[in-house]
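Novice: Dropping the structure in here first, questions after.
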Amino acid sequence: MELNTSDPIEETNLSRVTRSVVVNQALWTAGYSLTTGGCLTYFGYELGASGILIGLLLVIPETVGVAGLLSRWMIHRVGNRKAVWLGCSLIARFSTLGIPLLAFPSLRPAGINPLWLMAGFLAIAQTAQANSYMAYLSWLSDLVPEQNWGRFFAKRN
């Protein structure tokens, strides 16, 4: 089904939502590549990680992604998809900030291995991100008319 172009307000809103989502996706992709994979592994090596801890840092993002299944419960509990998205996004961003701060020895808590803190920050951030992302997709489905989902989500990807 095609977009009903006889309604200019609907077309303008859809175009605005599409542009915003494409920009958001580009920023998310850039940030994700900096907080996982090579950059994270390199930083782990700099903090003294080896073997098992590097493996742990590499599997945490994908393993805790299953926590996104909690987003449905959160949405029903809160009653607002946008609020769940925003709240989980903020938790994810603030916990991600803890990772680069570990580079400064004066900011590390005494007696705690910074690698375990890094793993903890990463697990919290990725769990919150998984729930945020599910709430985001659910919220987007409310903003975009159902007949446009295929084209809209294709542009987003």
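How things are named: the first chain in the structure tokens is A, the next is B, and so on; residues count from 1 in each chain; ligands count from 1 in the order shown.
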Just the residues within 9 Å of A:Thr127, please, counting only C-alpha atoms, with nothing from its chain fewer than 4 positions along; format it as JSON, numbers by chain.

Specialist: {"A": [61, 64, 65, 66, 67, 68, 88, 92, 122, 123, 131, 132]}

Novice: Just give me the gap between atom CA of A:Val21 and atom CA of A:Cys39 in Å, one decimal is fine.

Specialist: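 For atom CA of A:Val21 relative to atom CA of A:Cys39, the distance reads 25.5 Å.
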
Novice: So, counting only C-alpha atoms, which residue among A:Gly120, A:Pro100, A:Pro105, A:Gly87 is closest to A:Met74?

Specialist: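 Of A:Gly120, A:Pro100, A:Pro105, A:Gly87, the one nearest A:Met74 is A:Gly87, counting only C-alpha atoms.
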
Novice: For A:Leu115, which of A:Ile91, A:Leu56, A:Leu86, A:Leu140 is the closest residue, counting only C-alpha atoms?

Specialist: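 For A:Leu115, the nearest of the given residues is A:Leu56.
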
Novice: My list of candidates is A:Ser95, A:Thr18, A:Ala135, A:Ala130. Which is closest to A:Val78 when distances are computed with only C-alpha atoms?

Specialist: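 Nearest candidate to A:Val78 out of A:Ser95, A:Thr18, A:Ala135, A:Ala130: A:Ala135.
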
Novice: Of the residues A:Leu69, A:Leu117, A:Val17, A:Met134, which is the one nearest to A:Leu101, using only C-alpha atoms?

Specialist: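 The answer is A:Leu117, which sits nearest to A:Leu101.
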
Novice: Just give me the gap between atom CA of A:Trp85 and atom CA of A:Ser138 in Å, one decimal is fine.

Specialist: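 Atom-to-atom, atom CA of A:Trp85 and atom CA of A:Ser138 are spaced 9.4 Å apart.
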
Novice: Restricting the calculation to only C-alpha atoms: of A:Ser20, A:Thr96, A:Gly44, A:Arg81, which residue gets closest to A:Ser141?

Specialist: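 Among the listed residues, A:Arg81 lies closest to A:Ser141.
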
Novice: Pick out the residues sitting within 12 Å of A:Phe104, and hand them over as a list of chain:residue names; count only C-alpha atoms, and ignore anything fewer than 4 positions along from it in its own chain.

Specialist: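 Answer for this query is A:Glu46, A:Leu47, A:Gly98, A:Ile99, A:Pro100, A:Arg108, A:Pro109, A:Pro114.
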
Novice: Write the residues you've just listed into a file as a compact mmCIF listing (two decimals), in the first residue's frame, and include C-alpha atoms for each of them.

Specialist:
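Once everything was written out, this is result39.txt:
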```txt
# COMPACT_ATOMS: atom_id res chain seq x y z
CA GLU A 46 45.25 -1.76 28.35
CA LEU A 47 43.64 -2.45 31.73
CA GLY A 98 31.72 4.59 33.42
CA ILE A 99 33.82 2.60 30.96
CA PRO A 100 36.10 5.38 29.66
CA ARG A 108 38.61 3.91 40.17
CA PRO A 109 37.28 2.61 43.48
CA PRO A 114 38.71 -2.16 36.92
```

Novice: As an exercise, work out the distance from atom CA of A:Gly37 to atom CA of A:Tyr133 in Å and give it to one decimal place.

Specialist: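 Atom CA of A:Tyr133 lies at a distance of 19.3 Å from atom CA of A:Gly37.
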